[in-house]
Amino acid sequence: MQRYMKIVANIDKEPVNKETVIDAHNISKVYNPDTIPVYAVNNVHLHLLKGEFTALVGPSGSGKTTLLNLIGGLDKPDSGNIYINGVDITQLSSGELIDFRLKNIGFVFQSFNLIPVLTAKENVEFIMLLQGAGRSERDDRIKQLFRQIQLEDKLDSRPAQLSGGQQQRVAVARALASKPRFVLADEPTANLDSQSASNLLDIMAKLNKEEDITFLFSTHDQRVIDRARRVVRLVDGKIVSDSAAVATEHA
Amino acid sequence: MMILMMAWRNIWRNKMRSLVIILSIALGLFAGISVLGLYKGMMKSRVRNVIDAEQSHLQIHDPGFKNDYEPKFILQNGSSLLKTINALPQVKTASPRSITNGMLATASGSSGVQINGVIPDLEYKTTQLKAKIIEGKAFDPARKNQVIIGKKLATKMKLKTGAKLVLTFTDTAGNLVSGAFRVAAIYRSDNAPLDERNVYVNISDLDNLLNIPGAFHEIAILLKSDEDVGPVQQLLKQKFPGYQIENWREISPETDLMVKTTDQYSYIIMVIIMFALAFGIINTMLMAILERTREIGMMVALGTTRVRIFLLILTETIFITITGTPIGIAAGWLVINHFNKHGLDVSGMGGEMMSSFGFGTMIYPEFPIDKLFGILVIVIGTALISCLFPAMKALRLRPSEALTR
């Protein structure tokens, strides 16, 4: 762990005593274990500190989404452990996982991300209602989040009335609504034009910088990779390179 | 609150599909309510027939009379009994009758009949005998030995008004006696089997032949209100313990049974209709859920508990159901009310058949308000049961799989 801390410190030029957010040990996920086993994720170690802005890259089928699902507690690994804030989520029941996700993890999915029957505001409020937040707390947070995603004038629009880029920005606001420990985004720019993708990345980067929010996103969009401060490359379910490690070597 | 809002908006995502299922629920309910209303109207008219045109509310006999209809079992102290009954404020009319079973014979054939000796004016009031006459004239006080027979018997025996016939029966001493009578009138009621069996003669003519002058076997009592049956029966039983005092349910248990079983039939019909509808609801909800697999997966991923997902689906099903319910009930109410005022003529479907069961051909359906609660319970129950399968399907979704669809 000390080694990783050092790595991050070198890259970000930030203090070394940052808290660990994600600590995945030897995690593997195998499909068809009894017939033709396919290792979607193969013995992966990943360690993320608070405030990191990390891209998980790799060709299609390299295991990016599976790895994100495992870290997000949407799926269970066949072996290994995943500690989030010291809690081994592989040991939680599905009911406990739902609660854990609600309180600790923000999600941004690739597409069809919002609940279509709710307005932009209601989509964000939905998460806070699940958490049991009070009226004034919800109103304040919604105002703040929509200011941050620059969509204050779209509060009452339904998803269908928003552009793809605007929908993804609302999804980012929703992911942050529960004040999670980190945000997982699965190819958030995949369906966006370059201007919208750039806007979204600006907002995510700004939130990361100003509010120290940890982002882990999968992508194969070079523009996104260029904006990431750490790039983890996956091939056939294995981490083949990690810019954090490279940075350490250079250091 | 959010779940209620989401559920309501969700059912309007596919307007056509939701409208179709809402309308089928409305139509099913309308059909169910119409059948219940029709049954209620039929049963009510049957009961009214039994009370107003056949048996009256209460009947009094000598305890031995109904075993064999032997003419010797006259009502002892009949006149004072009749006087006491007529003095009761709840009593509308009381009609004394002499009754015996005998044989009606014409030149061409014979038929077994029940001969009712009646006081015409009282009988007209108790069983509406005069109103039922379709041919000829009512009893003429100046004439003796007149008989009024039913249409079915008249047809069977090829009798017309003015025709002569012979009634043969035994008197109180067991002697065979006969009397020649002339058909004064032919009546038709809503109950063909009774029309075939009952003939009416003047009580004095029959009493003379039976050799029981001034006596009678039965008092039929028509009350002012149906509610008084129990109390008046109780009162009479206390006052006159030596007589057999029966209410219409006891005299005509088949009518009571019919009313009760019809109630059960109506519920069974309702359940069958709802059972068919349940598949429609299941199909709709299943489609709605399969279409939203990804969305539901996303909601679970974000931290929505399975209980909340279940509640959402349940609420959607209930919304669909209760949107259709008032439409169905209102349509049923309107149609039933229309026919309640104007009557539903079912003679085209077979008046013979209806009358052989004791029903008139005009039915006045009545809105089954007393069964509305039961109907609502069945409808909501159907909605609950119908949503279980789709909901299970949704609850089994694994978010990581659902999100990839």
# chains A, B, ... in the order shown; residues from 1 in each chain; ligands from 1

call {"tool": "residues_around", "arguments": {"residues": "range 326-335 of chain B", "least_positions_apart": "6", "cutoff": "6 Å", "atoms": "only C-alpha atoms", "output": "NGL selection string"}}
result
:B and (26-27 or 29-30 or 33-34)

call {"tool": "select_by_dssp", "arguments": {"residues": "range 1-217 of chain A", "states": "alpha helix (DSSP H)", "output": "number ranges by chain"}}
result
A: 2-12, 64-71, 94-104, 120-131, 135-148, 164-177, 194-211

call {"tool": "residues_around", "arguments": {"residues": "range 44-57 of chain A", "least_positions_apart": "4", "cutoff": "9 Å", "atoms": "only C-alpha atoms", "output": "PyMOL selection string"}}
result
chain A and resi 1+4-5+8+12+18-28+62+64+67-68+80+181-182+204-205+208-209+211-221+224-225+227-235+237-239

call {"tool": "atom_distance", "arguments": {"atom1": "CA of Thr106 in chain B", "atom2": "CA of Leu167 in chain B"}}
result
9.1 Å

call {"tool": "closest_atom_pairs", "arguments": {"of": "chain B", "to": "chain A", "cutoff": "7 Å", "atoms": "only C-alpha atoms", "output": "Markdown table"}}
result
| residue | atom | partner | partner_atom | distance |
| --- | --- | --- | --- | --- |
| B:Met6 | CA | A:Val117 | CA | 6.5 |
| B:Arg9 | CA | A:Val117 | CA | 5.9 |
| B:Asn10 | CA | A:Val117 | CA | 6.5 |
| B:Glu295 | CA | A:Ile115 | CA | 6.8 |
| B:Val300 | CA | A:Ile98 | CA | 7.0 |
| B:Ala301 | CA | A:Leu74 | CA | 6.4 |
| B:Leu302 | CA | A:Leu102 | CA | 5.9 |
| B:Gly303 | CA | A:Leu102 | CA | 4.3 |
| B:Thr304 | CA | A:Ile98 | CA | 6.9 |
| B:Thr305 | CA | A:Ile98 | CA | 6.4 |
| B:Pro399 | CA | A:Leu74 | CA | 6.0 |
| B:Ser400 | CA | A:Leu74 | CA | 5.3 |

call {"tool": "residues_around", "arguments": {"residues": "Phe357 in chain B", "least_positions_apart": "6", "cutoff": "9 Å", "atoms": "only C-alpha atoms", "output": "list in words"}}
result
Asp190, Asn191, Ala192 and Pro193 of chain B

call {"tool": "closest_residue", "arguments": {"among": "B:Lys92, B:Lys164, B:Arg308, B:Lys132", "to": "Leu4 in chain B", "atoms": "only C-alpha atoms"}}
result
B:Arg308

call {"tool": "residues_around", "arguments": {"residues": "Ser45 in chain B", "least_positions_apart": "2", "cutoff": "9 Å", "atoms": "only C-alpha atoms", "output": "PyMOL selection string"}}
result
chain B and resi 40-43+47-50+359-360+363-364

call {"tool": "closest_residue", "arguments": {"among": "B:Val379, B:Tyr200, B:Phe310, B:Tyr187", "to": "Thr323 in chain B", "atoms": "only C-alpha atoms"}}
result
B:Val379

call {"tool": "select_by_dssp", "arguments": {"residues": "range 50-115 of chain B", "states": "strand (DSSP E or B)", "output": "list in words"}}
result
Leu58, Gln59, Ile60, His61, Val91, Lys92, Thr93, Ala94, Ser95, Pro96, Arg97, Ser98, Ile99, Thr100, Asn101, Gly102, Met103, Leu104, Ala105, Ser110, Ser111, Gly112, Val113, Gln114 and Ile115 of chain B
